[in-house]
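Shown next: start.tsv, given as TSV, C-alpha atoms and all ligand atoms.
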```
chain	number	residue	atom	x	y	z
A	1	MET	CA	-93.59	65.58	-10.66
A	2	THR	CA	-93.79	64.08	-14.14
A	3	ASP	CA	-91.05	61.86	-15.53
A	4	HIS	CA	-89.08	64.14	-17.86
A	5	ARG	CA	-87.04	61.26	-19.23
A	6	THR	CA	-89.38	60.09	-21.98
A	7	PRO	CA	-87.42	58.03	-24.56
A	8	GLY	CA	-86.53	60.07	-27.63
A	9	ASP	CA	-87.10	63.25	-25.74
A	10	ASP	CA	-83.60	63.59	-24.33
A	11	THR	CA	-82.35	66.71	-26.08
A	12	ARG	CA	-85.50	68.73	-25.48
A	13	ASP	CA	-85.49	67.58	-21.88
A	14	LEU	CA	-81.89	68.59	-21.31
A	15	HIS	CA	-82.61	72.03	-22.76
A	16	ALA	CA	-85.53	72.45	-20.37
A	17	PHE	CA	-83.35	71.23	-17.49
A	18	ILE	CA	-80.62	73.74	-18.39
A	19	ALA	CA	-83.12	76.59	-18.74
A	20	GLY	CA	-84.20	76.15	-15.14
A	21	LEU	CA	-80.82	75.22	-13.67
A	22	PRO	CA	-79.54	77.87	-11.22
A	23	LYS	CA	-76.17	78.99	-12.58
A	24	ALA	CA	-73.08	81.05	-11.84
A	25	GLU	CA	-71.10	82.69	-14.61
A	26	LEU	CA	-67.43	83.55	-14.17
A	27	HIS	CA	-66.34	84.80	-17.58
A	28	VAL	CA	-68.60	87.32	-19.25
A	29	HIS	CA	-67.72	90.80	-20.47
A	30	HIS	CA	-69.71	93.91	-19.63
A	31	VAL	CA	-69.84	95.57	-23.07
A	32	GLY	CA	-69.76	92.15	-24.75
A	33	SER	CA	-73.09	91.34	-23.05
A	34	ALA	CA	-74.99	94.16	-24.76
A	35	SER	CA	-77.90	92.40	-26.48
A	36	PRO	CA	-79.52	93.83	-29.64
A	37	ARG	CA	-82.18	95.26	-27.32
A	38	ILE	CA	-79.51	97.09	-25.27
A	39	VAL	CA	-77.50	98.14	-28.34
A	40	SER	CA	-80.68	99.65	-29.82
A	41	ALA	CA	-81.40	101.56	-26.62
A	42	LEU	CA	-77.84	102.92	-26.53
A	43	ALA	CA	-77.80	103.72	-30.26
A	44	ALA	CA	-81.08	105.61	-29.88
A	45	ARG	CA	-79.29	107.82	-27.37
A	46	HIS	CA	-76.35	108.33	-29.74
A	47	PRO	CA	-77.72	108.25	-33.31
A	48	ASP	CA	-74.32	109.12	-34.88
A	49	SER	CA	-73.01	105.63	-34.00
A	50	LYS	CA	-71.99	103.23	-36.79
A	51	VAL	CA	-73.27	100.15	-34.93
A	52	PRO	CA	-76.41	98.82	-36.69
A	53	THR	CA	-79.51	98.44	-34.55
A	54	ASP	CA	-81.61	96.20	-36.78
A	55	PRO	CA	-81.14	92.64	-35.38
A	56	GLU	CA	-80.42	91.11	-38.81
A	57	ALA	CA	-77.80	93.71	-39.70
A	58	LEU	CA	-76.37	93.34	-36.19
A	59	ALA	CA	-75.98	89.56	-36.65
A	60	ASP	CA	-73.97	90.28	-39.82
A	61	TYR	CA	-71.94	92.95	-38.04
A	62	PHE	CA	-71.17	90.38	-35.31
A	63	THR	CA	-69.60	87.90	-37.76
A	64	PHE	CA	-65.86	87.96	-37.27
A	65	THR	CA	-63.01	87.06	-39.59
A	66	ASP	CA	-60.53	86.62	-36.74
A	67	PHE	CA	-59.75	87.76	-33.19
A	68	ALA	CA	-58.43	91.17	-34.29
A	69	HIS	CA	-61.65	91.84	-36.21
A	70	PHE	CA	-63.66	90.86	-33.13
A	71	ILE	CA	-61.78	93.42	-30.99
A	72	GLN	CA	-62.35	96.11	-33.64
A	73	VAL	CA	-66.11	95.48	-33.59
A	74	TYR	CA	-66.07	95.21	-29.77
A	75	LEU	CA	-64.55	98.69	-29.53
A	76	SER	CA	-67.24	100.14	-31.79
A	77	VAL	CA	-69.79	98.99	-29.20
A	78	VAL	CA	-67.60	100.48	-26.44
A	79	ASP	CA	-67.96	103.79	-28.33
A	80	LEU	CA	-71.72	103.64	-27.70
A	81	ILE	CA	-71.20	104.00	-23.97
A	82	ARG	CA	-70.61	107.67	-23.36
A	83	THR	CA	-72.28	108.71	-20.13
A	84	PRO	CA	-72.69	107.30	-16.61
A	85	GLU	CA	-76.39	106.76	-17.49
A	86	ASP	CA	-75.30	104.55	-20.43
A	87	VAL	CA	-73.08	102.56	-18.04
A	88	ARG	CA	-75.94	102.09	-15.60
A	89	LEU	CA	-78.41	101.11	-18.30
A	90	LEU	CA	-76.01	98.56	-19.81
A	91	THR	CA	-75.20	96.97	-16.45
A	92	TYR	CA	-78.78	96.83	-15.22
A	93	GLU	CA	-80.13	95.45	-18.51
A	94	VAL	CA	-77.37	92.83	-18.71
A	95	ALA	CA	-78.43	91.63	-15.25
A	96	ARG	CA	-82.05	91.43	-16.47
A	97	ASP	CA	-80.92	89.15	-19.33
A	98	MET	CA	-78.95	87.02	-16.88
A	99	ALA	CA	-81.93	86.60	-14.57
A	100	ARG	CA	-83.98	85.26	-17.52
A	101	GLN	CA	-81.44	82.43	-17.76
A	102	GLN	CA	-81.55	81.63	-14.06
A	103	VAL	CA	-78.09	83.11	-13.49
A	104	ARG	CA	-77.89	83.74	-9.76
A	105	TYR	CA	-74.31	85.00	-9.59
A	106	ALA	CA	-71.98	86.54	-12.17
A	107	GLU	CA	-68.49	87.97	-12.18
A	108	LEU	CA	-68.69	90.58	-14.91
A	109	THR	CA	-65.43	91.65	-16.57
A	110	ILE	CA	-65.33	95.41	-16.96
A	111	THR	CA	-62.64	97.47	-18.67
A	112	PRO	CA	-62.91	100.79	-16.80
A	113	TRP	CA	-59.97	102.31	-18.70
A	114	SER	CA	-61.92	102.12	-21.97
A	115	SER	CA	-64.67	104.25	-20.43
A	116	THR	CA	-62.57	106.74	-18.46
A	117	ARG	CA	-60.33	107.41	-21.47
A	118	ARG	CA	-63.48	108.21	-23.45
A	119	GLY	CA	-64.27	110.93	-20.94
A	120	ILE	CA	-66.61	109.29	-18.44
A	121	ASP	CA	-65.85	110.63	-14.97
A	122	GLU	CA	-64.24	107.82	-12.93
A	123	LEU	CA	-66.29	108.31	-9.77
A	124	ALA	CA	-69.53	108.57	-11.77
A	125	PHE	CA	-68.55	105.35	-13.57
A	126	MET	CA	-68.09	103.49	-10.27
A	127	ASP	CA	-71.38	104.90	-8.91
A	128	ALA	CA	-73.20	103.77	-12.07
A	129	ILE	CA	-72.03	100.14	-11.89
A	130	GLU	CA	-72.64	99.97	-8.14
A	131	ASP	CA	-76.11	101.47	-8.45
A	132	ALA	CA	-76.96	98.89	-11.14
A	133	ARG	CA	-75.45	96.07	-9.05
A	134	LYS	CA	-77.62	96.88	-6.05
A	135	ALA	CA	-80.76	97.27	-8.18
A	136	ALA	CA	-80.03	93.98	-10.01
A	137	GLU	CA	-79.73	92.09	-6.73
A	138	ALA	CA	-82.87	93.63	-5.25
A	139	GLU	CA	-85.03	93.46	-8.38
A	140	PHE	CA	-83.74	90.43	-10.33
A	141	GLY	CA	-82.09	88.33	-7.61
A	142	VAL	CA	-78.81	88.36	-9.55
A	143	VAL	CA	-75.68	88.88	-7.44
A	144	LEU	CA	-73.05	90.73	-9.48
A	145	ARG	CA	-69.36	91.06	-8.78
A	146	TRP	CA	-66.75	92.87	-10.86
A	147	CYS	CA	-63.46	91.89	-12.45
A	148	PHE	CA	-61.56	94.96	-13.72
A	149	ASP	CA	-59.34	93.97	-16.65
A	150	ILE	CA	-56.35	95.59	-18.29
A	151	PRO	CA	-56.82	95.87	-22.07
A	152	GLY	CA	-53.38	94.38	-22.70
A	153	GLU	CA	-52.82	95.75	-26.18
A	154	ALA	CA	-53.23	99.29	-24.84
A	155	GLY	CA	-49.99	98.87	-22.89
A	156	LEU	CA	-48.60	99.76	-19.51
A	157	GLU	CA	-50.26	103.15	-19.27
A	158	ALA	CA	-53.64	101.40	-19.40
A	159	ALA	CA	-52.35	98.84	-16.87
A	160	GLU	CA	-51.31	101.62	-14.48
A	161	GLU	CA	-54.66	103.36	-14.83
A	162	THR	CA	-56.60	100.11	-14.35
A	163	VAL	CA	-54.74	99.16	-11.18
A	164	ARG	CA	-55.22	102.69	-9.85
A	165	LEU	CA	-58.97	102.54	-10.49
A	166	ALA	CA	-59.09	99.12	-8.82
A	167	THR	CA	-57.12	99.95	-5.71
A	168	ASP	CA	-57.74	103.62	-4.88
A	169	ASP	CA	-59.93	103.55	-1.77
A	170	ARG	CA	-61.94	106.55	-2.95
A	171	LEU	CA	-62.87	104.78	-6.19
A	172	ARG	CA	-62.72	101.05	-5.64
A	173	PRO	CA	-66.29	99.73	-5.90
A	174	GLU	CA	-67.66	97.42	-3.22
A	175	GLY	CA	-68.46	94.71	-5.79
A	176	LEU	CA	-64.90	94.44	-7.13
A	177	VAL	CA	-63.38	91.01	-6.45
A	178	SER	CA	-60.78	90.37	-9.12
A	179	PHE	CA	-58.27	91.70	-11.59
A	180	GLY	CA	-57.91	90.51	-15.18
A	181	LEU	CA	-56.12	90.96	-18.46
A	182	GLY	CA	-57.96	90.90	-21.80
A	183	GLY	CA	-57.60	91.84	-25.44
A	184	PRO	CA	-55.30	90.20	-27.97
A	185	GLU	CA	-52.51	87.97	-26.63
A	186	ILE	CA	-50.26	87.84	-29.68
A	187	GLY	CA	-47.49	90.39	-29.19
A	188	VAL	CA	-48.69	91.16	-25.66
A	189	PRO	CA	-46.51	89.09	-23.28
A	190	ARG	CA	-48.13	88.47	-19.91
A	191	PRO	CA	-45.01	88.90	-17.69
A	192	GLN	CA	-44.86	92.68	-18.33
A	193	PHE	CA	-48.07	92.99	-16.27
A	194	LYS	CA	-46.61	91.35	-13.16
A	195	PRO	CA	-46.11	94.59	-11.15
A	196	TYR	CA	-49.76	95.59	-11.75
A	197	PHE	CA	-51.08	92.18	-10.72
A	198	ASP	CA	-48.81	92.25	-7.66
A	199	ARG	CA	-50.41	95.53	-6.60
A	200	ALA	CA	-53.94	94.30	-7.25
A	201	ILE	CA	-53.30	91.07	-5.33
A	202	ALA	CA	-51.74	93.03	-2.44
A	203	ALA	CA	-54.97	95.05	-2.33
A	204	GLY	CA	-56.98	91.84	-1.90
A	205	LEU	CA	-58.07	91.21	-5.49
A	206	ARG	CA	-57.99	87.75	-7.08
A	207	SER	CA	-56.05	87.14	-10.29
A	208	VAL	CA	-58.00	85.98	-13.36
A	209	PRO	CA	-56.16	86.82	-16.60
A	210	HIS	CA	-57.13	85.61	-20.06
A	211	ALA	CA	-54.39	83.27	-21.31
A	212	GLY	CA	-54.00	80.60	-23.94
A	213	GLU	CA	-57.00	81.81	-25.92
A	214	THR	CA	-55.05	82.64	-29.08
A	215	THR	CA	-51.51	81.70	-28.04
A	216	GLY	CA	-49.84	78.53	-26.78
A	217	PRO	CA	-49.61	76.91	-23.34
A	218	GLU	CA	-46.52	78.96	-22.43
A	219	THR	CA	-48.85	81.96	-22.03
A	220	VAL	CA	-50.87	79.99	-19.48
A	221	TRP	CA	-47.66	79.15	-17.59
A	222	ASP	CA	-46.78	82.88	-17.63
A	223	ALA	CA	-50.22	83.71	-16.24
A	224	LEU	CA	-49.73	81.17	-13.46
A	225	ASN	CA	-46.12	82.01	-12.60
A	226	ASP	CA	-45.99	85.76	-13.15
A	227	LEU	CA	-49.57	86.90	-12.64
A	228	ARG	CA	-50.39	84.27	-9.97
A	229	ALA	CA	-53.61	83.34	-11.77
A	230	GLU	CA	-56.23	81.58	-9.64
A	231	ARG	CA	-58.39	80.83	-12.68
A	232	ILE	CA	-57.59	81.12	-16.35
A	233	GLY	CA	-59.76	82.90	-18.91
A	234	HIS	CA	-60.14	80.36	-21.72
A	235	GLY	CA	-56.82	78.48	-21.34
A	236	THR	CA	-57.73	76.68	-24.56
A	237	SER	CA	-54.18	75.81	-25.60
A	238	SER	CA	-53.49	74.12	-22.21
A	239	ALA	CA	-54.62	70.90	-23.89
A	240	ARG	CA	-51.33	70.87	-25.82
A	241	ASP	CA	-49.28	70.50	-22.63
A	242	PRO	CA	-49.93	67.42	-20.46
A	243	LYS	CA	-47.76	68.81	-17.63
A	244	LEU	CA	-49.84	71.96	-17.59
A	245	LEU	CA	-53.08	69.98	-17.49
A	246	ALA	CA	-51.73	67.98	-14.55
A	247	HIS	CA	-50.73	71.20	-12.79
A	248	LEU	CA	-54.17	72.77	-13.29
A	249	ALA	CA	-55.86	69.60	-12.03
A	250	GLU	CA	-53.57	69.22	-9.01
A	251	HIS	CA	-53.96	72.85	-7.91
A	252	ARG	CA	-57.69	73.02	-8.74
A	253	ILE	CA	-57.15	75.98	-11.07
A	254	ALA	CA	-60.35	76.24	-13.06
A	255	LEU	CA	-60.51	77.03	-16.74
A	256	GLU	CA	-63.20	79.48	-17.82
A	257	VAL	CA	-64.23	77.65	-20.97
A	258	CYS	CA	-66.28	79.57	-23.56
A	259	PRO	CA	-66.85	77.12	-26.43
A	260	THR	CA	-68.89	79.25	-28.86
A	261	SER	CA	-66.61	82.25	-28.34
A	262	ASN	CA	-63.64	80.14	-29.42
A	263	ILE	CA	-65.41	79.28	-32.67
A	264	ALA	CA	-66.65	82.84	-33.31
A	265	THR	CA	-63.15	84.33	-32.92
A	266	ARG	CA	-61.68	81.37	-34.85
A	267	ALA	CA	-59.43	80.37	-31.96
A	268	VAL	CA	-60.77	76.81	-32.47
A	269	ARG	CA	-61.94	75.51	-35.87
A	270	THR	CA	-65.04	73.52	-34.92
A	271	LEU	CA	-66.87	72.64	-31.72
A	272	ASP	CA	-66.00	68.98	-32.20
A	273	GLU	CA	-62.32	69.93	-32.10
A	274	HIS	CA	-62.75	71.91	-28.88
A	275	PRO	CA	-60.36	70.63	-26.17
A	276	ILE	CA	-62.99	70.67	-23.39
A	277	LYS	CA	-62.99	66.86	-23.39
A	278	GLU	CA	-59.24	66.76	-22.75
A	279	PHE	CA	-59.66	69.18	-19.86
A	280	ALA	CA	-62.37	67.06	-18.26
A	281	ARG	CA	-60.43	63.82	-18.84
A	282	ALA	CA	-57.34	65.33	-17.16
A	283	GLY	CA	-59.39	66.31	-14.09
A	284	VAL	CA	-59.08	70.06	-14.67
A	285	PRO	CA	-62.01	71.97	-13.12
A	286	VAL	CA	-64.08	73.11	-16.09
A	287	THR	CA	-66.50	76.03	-15.85
A	288	ILE	CA	-68.84	76.99	-18.66
A	289	ASN	CA	-69.19	80.59	-19.76
A	290	SER	CA	-70.54	82.77	-22.56
A	291	ASP	CA	-67.81	85.50	-22.83
A	292	ASP	CA	-69.58	88.02	-25.13
A	293	PRO	CA	-72.90	86.24	-25.68
A	294	PRO	CA	-74.86	88.43	-28.15
A	295	MET	CA	-71.73	89.08	-30.19
A	296	PHE	CA	-71.22	85.34	-30.51
A	297	GLY	CA	-74.90	84.53	-31.04
A	298	THR	CA	-75.10	82.54	-27.85
A	299	ASP	CA	-76.13	82.69	-24.22
A	300	LEU	CA	-75.11	80.79	-21.11
A	301	ASN	CA	-77.88	78.22	-21.50
A	302	ASN	CA	-76.70	77.43	-25.01
A	303	GLU	CA	-73.11	77.05	-23.75
A	304	TYR	CA	-74.33	74.46	-21.22
A	305	ALA	CA	-76.15	72.65	-24.04
A	306	VAL	CA	-72.94	72.66	-26.11
A	307	ALA	CA	-70.98	71.32	-23.12
A	308	ALA	CA	-73.59	68.59	-22.55
A	309	ARG	CA	-73.14	67.43	-26.12
A	310	LEU	CA	-69.34	67.61	-26.14
A	311	LEU	CA	-68.95	65.94	-22.73
A	312	ASP	CA	-71.93	63.62	-23.11
A	313	LEU	CA	-73.53	64.85	-19.90
A	314	ASP	CA	-76.89	64.02	-18.37
A	315	GLU	CA	-78.74	66.15	-15.81
A	316	LEU	CA	-76.42	65.24	-12.95
A	317	GLY	CA	-73.38	65.96	-15.12
A	318	LEU	CA	-74.81	69.38	-15.94
A	319	ALA	CA	-75.52	70.07	-12.27
A	320	ALA	CA	-71.90	69.12	-11.49
A	321	LEU	CA	-70.73	71.59	-14.13
A	322	ALA	CA	-72.88	74.33	-12.58
A	323	LYS	CA	-71.42	73.48	-9.16
A	324	ASN	CA	-67.86	73.72	-10.58
A	325	ALA	CA	-68.57	77.38	-11.34
A	326	VAL	CA	-69.84	78.00	-7.83
A	327	GLU	CA	-66.79	76.30	-6.32
A	328	ALA	CA	-64.39	78.31	-8.50
A	329	SER	CA	-66.21	81.59	-7.88
A	330	PHE	CA	-65.19	84.38	-5.52
A	331	LEU	CA	-68.56	84.32	-3.83
A	332	ASP	CA	-68.31	84.12	-0.04
A	333	GLU	CA	-68.55	80.72	1.66
A	334	ALA	CA	-72.18	81.16	2.76
A	335	GLY	CA	-73.22	82.19	-0.75
A	336	ARG	CA	-71.40	79.22	-2.30
A	337	THR	CA	-73.06	76.81	0.12
A	338	ARG	CA	-76.47	78.31	-0.62
A	339	LEU	CA	-76.12	78.22	-4.39
A	340	THR	CA	-74.68	74.69	-4.38
A	341	ALA	CA	-77.65	73.52	-2.30
A	342	GLU	CA	-80.04	75.26	-4.68
A	343	ILE	CA	-78.49	73.43	-7.64
A	344	ASP	CA	-78.69	70.08	-5.81
A	345	THR	CA	-82.33	70.64	-4.85
A	346	TYR	CA	-83.21	71.63	-8.40
A	347	ALA	CA	-81.57	68.52	-9.88
A	348	SER	CA	-83.02	66.09	-7.37
A	349	THR	CA	-86.53	67.56	-7.74
A	350	TRP	CA	-86.24	67.34	-11.52
A	351	LEU	CA	-85.09	63.73	-11.42
A	352	ALA	CA	-87.55	62.57	-8.76
A	353	PRO	CA	-90.00	59.97	-10.17
B	1	LIG	O1	-60.72	101.00	-25.28
B	1	LIG	C1	-59.82	101.25	-26.10
B	1	LIG	O2	-59.73	102.34	-26.66
B	1	LIG	C2	-58.79	100.20	-26.41
B	1	LIG	C3	-57.62	100.55	-27.05
B	1	LIG	C4	-56.70	99.55	-27.36
B	1	LIG	C5	-56.94	98.22	-27.03
B	1	LIG	C6	-58.11	97.90	-26.38
B	1	LIG	C7	-58.39	96.49	-26.07
B	1	LIG	O3	-57.53	95.64	-26.22
B	1	LIG	C8	-59.72	96.14	-25.58
B	1	LIG	C9	-59.98	94.67	-25.54
B	1	LIG	C10	-61.32	94.41	-24.89
B	1	LIG	O4	-61.79	93.14	-25.28
B	1	LIG	C11	-62.48	92.61	-24.21
B	1	LIG	N1	-62.75	91.21	-24.50
B	1	LIG	C12	-63.97	90.74	-24.72
B	1	LIG	N2	-63.93	89.45	-24.99
B	1	LIG	C13	-62.64	89.07	-24.94
B	1	LIG	C14	-62.01	87.82	-25.12
B	1	LIG	O5	-62.59	86.76	-25.41
B	1	LIG	N3	-60.65	87.83	-25.02
B	1	LIG	C15	-59.96	88.93	-24.73
B	1	LIG	N4	-60.55	90.14	-24.52
B	1	LIG	C16	-61.87	90.20	-24.64
B	1	LIG	C17	-61.57	92.92	-23.05
B	1	LIG	O6	-62.22	92.83	-21.82
B	1	LIG	C18	-61.24	94.37	-23.38
B	1	LIG	O7	-62.24	95.21	-22.89
B	1	LIG	C19	-59.04	98.89	-26.05
B	2	ZN	ZN	-63.15	86.92	-22.32
```
Represent the structure from my file as structure tokens, please.
Ligand SMILES: O=C(O)c1cccc(C(=O)CC[C@H]2O[C@@H](n3cnc4c(=O)[nH]cnc43)[C@H](O)[C@@H]2O)c1
Ligand SMILES: [Zn+2]
Amino acid sequence: MTDHRTPGDDTRDLHAFIAGLPKAELHVHHVGSASPRIVSALAARHPDSKVPTDPEALADYFTFTDFAHFIQVYLSVVDLIRTPEDVRLLTYEVARDMARQQVRYAELTITPWSSTRRGIDELAFMDAIEDARKAAEAEFGVVLRWCFDIPGEAGLEAAEETVRLATDDRLRPEGLVSFGLGGPEIGVPRPQFKPYFDRAIAAGLRSVPHAGETTGPETVWDALNDLRAERIGHGTSSARDPKLLAHLAEHRIALEVCPTSNIATRAVRTLDEHPIKEFARAGVPVTINSDDPPMFGTDLNNEYAVAARLLDLDELGLAALAKNAVEASFLDEAGRTRLTAEIDTYASTWLAP
């Protein structure tokens, strides 16, 4: 193998390394993963939609003034998904895009309530995601698992419906592994969702709420204490609380860090001000994720490149980051061992003289 470490070539080399690195993604939203290609396909099915299909106009449309604006635009894309066939197409095509980035495993956050309240039959919805999951694994080699999240701002009725969809034996899809909480945090206290998380956890689901994305570290404490979070979506404001950082590090509670998302929604001002360095310095397990990649003009490979710059990582550092995601995933033990070994083999082959 050639020496990829030619002086002056470092950045290009790292990008090539990242492009081929086998990866797991733990924080990525279903509808938020609809690329311009997928949006166009859905819009062609529903020409009355107000979502632009031309990539340039779409880039403009996906420029957000704040988090509330982001959610408003997000819901206009949700409105494009109207039939079980739309659900299947979205899921299958998202997996195709993941495979192109060497994503081997992804936990995709789905908000089933948003689809069932728009009239999609609940059983047909579950069949559509499961059918796409099986096809994605067979055809693209991407293993998908689901996290069903409560859209917090929609209140307790949506929470009740989400936990029902996640725990009813006649509906619960085979690929479902976790239970989450998304949407705006301001004015949506986490503790009110405790009974719903208790039920989901009792049914064997893992707890992965968003917290500390747009509110302070107290929200992360609430997610840990009331919702029994095993990982935290974003957790950005944890950096403001040294005791919290120590707790996350001690209990190996991973943060699902999504750097570009935090800039796009204006949760963080600039990438250089992103607290990822503080997380790493405190020993908190950091995982790298893309959240809603096309909406934020990014993809998982770019997020790894951003992390490499912010954390000053070389190839082995990047491989360690990829392994953090595997370790923090809800993949079974055999799958974790296999994917970790694949990452190690890839890195050692790349670095071999
Ligand atoms: O579907 C509806 O009609 C509806 C009505 C009221 C409120 C909501 C929501 O709050 C939906 C939020 C939606 O946003 C997703 N999402 C995507 N990225 C993020 C993120 O970075 N932080 C929080 N939420 C995010 C989330 O999964 C929900 O689907 C919906
Ligand atoms: Zn998210």
Exercise for the section: Write out as a list in words the residues lying within 8 Å of segment 321-337 of chain A, counting only C-alpha atoms and excluding same-chain residues fewer than 6 positions away. Expected result: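 Within the cut-off, the hits are Pro22, Lys23, Ala24, Glu25, Leu26, Val177, Arg231, Ala254, Pro285, Val286, Thr287, Ile288 and Ile343 of chain A.
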Exercise for the section: Return as an MDAnalysis selection string the residues of protein, DNA or RNA that approach ligand ZN 2 (chain B) to within 7 Å, with all atoms listed in the file taken into account. Expected result: chainID A and resid 27:29 182 210 233 291
Practice task
List the neighbours of Arg96 of chain A out to 9 Å using all atoms listed in the file; skip same-chain residues closer than 2 positions along the sequence, and give me the result as an NGL selection string.
Solution key: :A and (91-94 or 98-100 or 136 or 139-140 or 142)
Handout entry: Cut-off 6 Å, only C-alpha atoms and all ligand atoms, neighbours of ligand LIG 1 (chain B) as a PyMOL selection string
Key = chain A and resi 29+32+71+111+114+151-154+182-184+291-292
Problem - Distance of atom CA of Phe125 of chain A from atom CA of Gly175 of chain A, expressed in Å to one decimal place - result: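 Spanning atom CA of Gly175 of chain A to atom CA of Phe125 of chain A is a straight-line distance of 13.2 Å.
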Exercise for the section: Between atom CA of Glu256 of chain A and atom CA of Ala59 of chain A, measure the distance and give it in Å to one decimal. Expected result: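 Computed distance, atom CA of Glu256 of chain A to atom CA of Ala59 of chain A, equals 24.9 Å.
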Handout entry: Computed interatomic separation between atom CA of Val257 of chain A and atom CA of Ile232 of chain A (Å)
Key =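 Those two atoms sit 8.8 Å apart.
You can rank A:Ala95, A:Ala264, A:Val31, A:Ala202 by their closest distance to Phe64 of chain A using only C-alpha atoms, and at the top of that list sits A:Ala264.
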Handout entry: Residues near segment 296-313 of chain A, cut-off 7 Å, only C-alpha atoms, skip fewer than 4 positions along chain, as JSON, numbers by chain
Key = {"A": [15, 18, 19, 62, 101, 259, 260, 261, 264, 277, 288, 289, 290, 292, 317, 318]}
Problem - Within 7 Å of Pro112 of chain A using all atoms listed in the file, minus same-chain residues under 2 positions, as a PyMOL selection string - result: chain A and resi 110+114-116+148+162
Since the input is missing atoms for segment 100-105 of chain A, could you rebuild it with all heavy atoms and give the result as a JSON list (two decimals), in the frame of the given file?
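This went into out33.json:
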```json
[["chain", "number", "residue", "atom", "x", "y", "z"],
["A", 100, "ARG", "N", -83.09, 86.07, -16.65],
["A", 100, "ARG", "CA", -83.98, 85.26, -17.52],
["A", 100, "ARG", "C", -83.40, 83.87, -17.75],
["A", 100, "ARG", "O", -84.11, 82.95, -18.14],
["A", 100, "ARG", "CB", -84.16, 85.96, -18.86],
["A", 100, "ARG", "CG", -85.03, 87.20, -18.76],
["A", 100, "ARG", "CD", -85.29, 87.78, -20.15],
["A", 100, "ARG", "NE", -86.12, 88.96, -20.05],
["A", 100, "ARG", "CZ", -85.89, 90.10, -20.68],
["A", 100, "ARG", "NH1", -84.86, 90.22, -21.49],
["A", 100, "ARG", "NH2", -86.71, 91.13, -20.52],
["A", 101, "GLN", "N", -82.09, 83.74, -17.56],
["A", 101, "GLN", "CA", -81.44, 82.43, -17.76],
["A", 101, "GLN", "C", -81.15, 81.73, -16.44],
["A", 101, "GLN", "O", -80.34, 80.82, -16.39],
["A", 101, "GLN", "CB", -80.14, 82.61, -18.50],
["A", 101, "GLN", "CG", -80.31, 83.13, -19.88],
["A", 101, "GLN", "CD", -78.95, 83.23, -20.50],
["A", 101, "GLN", "OE1", -78.34, 82.22, -20.84],
["A", 101, "GLN", "NE2", -78.44, 84.43, -20.57],
["A", 102, "GLN", "N", -81.76, 82.20, -15.40],
["A", 102, "GLN", "CA", -81.55, 81.63, -14.06],
["A", 102, "GLN", "C", -80.09, 81.75, -13.61],
["A", 102, "GLN", "O", -79.57, 80.87, -12.92],
["A", 102, "GLN", "CB", -82.00, 80.15, -13.99],
["A", 102, "GLN", "CG", -83.43, 79.91, -14.44],
["A", 102, "GLN", "CD", -84.43, 80.79, -13.69],
["A", 102, "GLN", "OE1", -84.29, 81.02, -12.50],
["A", 102, "GLN", "NE2", -85.42, 81.30, -14.40],
["A", 103, "VAL", "N", -79.43, 82.83, -14.03],
["A", 103, "VAL", "CA", -78.09, 83.11, -13.49],
["A", 103, "VAL", "C", -78.31, 83.78, -12.14],
["A", 103, "VAL", "O", -79.01, 84.78, -12.04],
["A", 103, "VAL", "CB", -77.28, 84.02, -14.45],
["A", 103, "VAL", "CG1", -75.98, 84.46, -13.78],
["A", 103, "VAL", "CG2", -76.98, 83.29, -15.75],
["A", 104, "ARG", "N", -77.73, 83.19, -11.12],
["A", 104, "ARG", "CA", -77.89, 83.74, -9.76],
["A", 104, "ARG", "C", -76.70, 84.61, -9.36],
["A", 104, "ARG", "O", -76.82, 85.45, -8.49],
["A", 104, "ARG", "CB", -77.99, 82.60, -8.74],
["A", 104, "ARG", "CG", -79.13, 81.65, -8.97],
["A", 104, "ARG", "CD", -80.45, 82.29, -8.51],
["A", 104, "ARG", "NE", -81.48, 81.28, -8.47],
["A", 104, "ARG", "CZ", -82.28, 80.97, -9.48],
["A", 104, "ARG", "NH1", -82.19, 81.65, -10.62],
["A", 104, "ARG", "NH2", -83.16, 80.01, -9.38],
["A", 105, "TYR", "N", -75.54, 84.32, -9.99],
["A", 105, "TYR", "CA", -74.31, 85.00, -9.59],
["A", 105, "TYR", "C", -73.43, 85.16, -10.83],
["A", 105, "TYR", "O", -73.27, 84.19, -11.60],
["A", 105, "TYR", "CB", -73.58, 84.16, -8.55],
["A", 105, "TYR", "CG", -72.21, 84.67, -8.21],
["A", 105, "TYR", "CD1", -72.03, 85.71, -7.30],
["A", 105, "TYR", "CD2", -71.07, 84.12, -8.80],
["A", 105, "TYR", "CE1", -70.76, 86.20, -7.00],
["A", 105, "TYR", "CE2", -69.80, 84.60, -8.50],
["A", 105, "TYR", "CZ", -69.65, 85.63, -7.60],
["A", 105, "TYR", "OH", -68.40, 86.11, -7.29]]
```
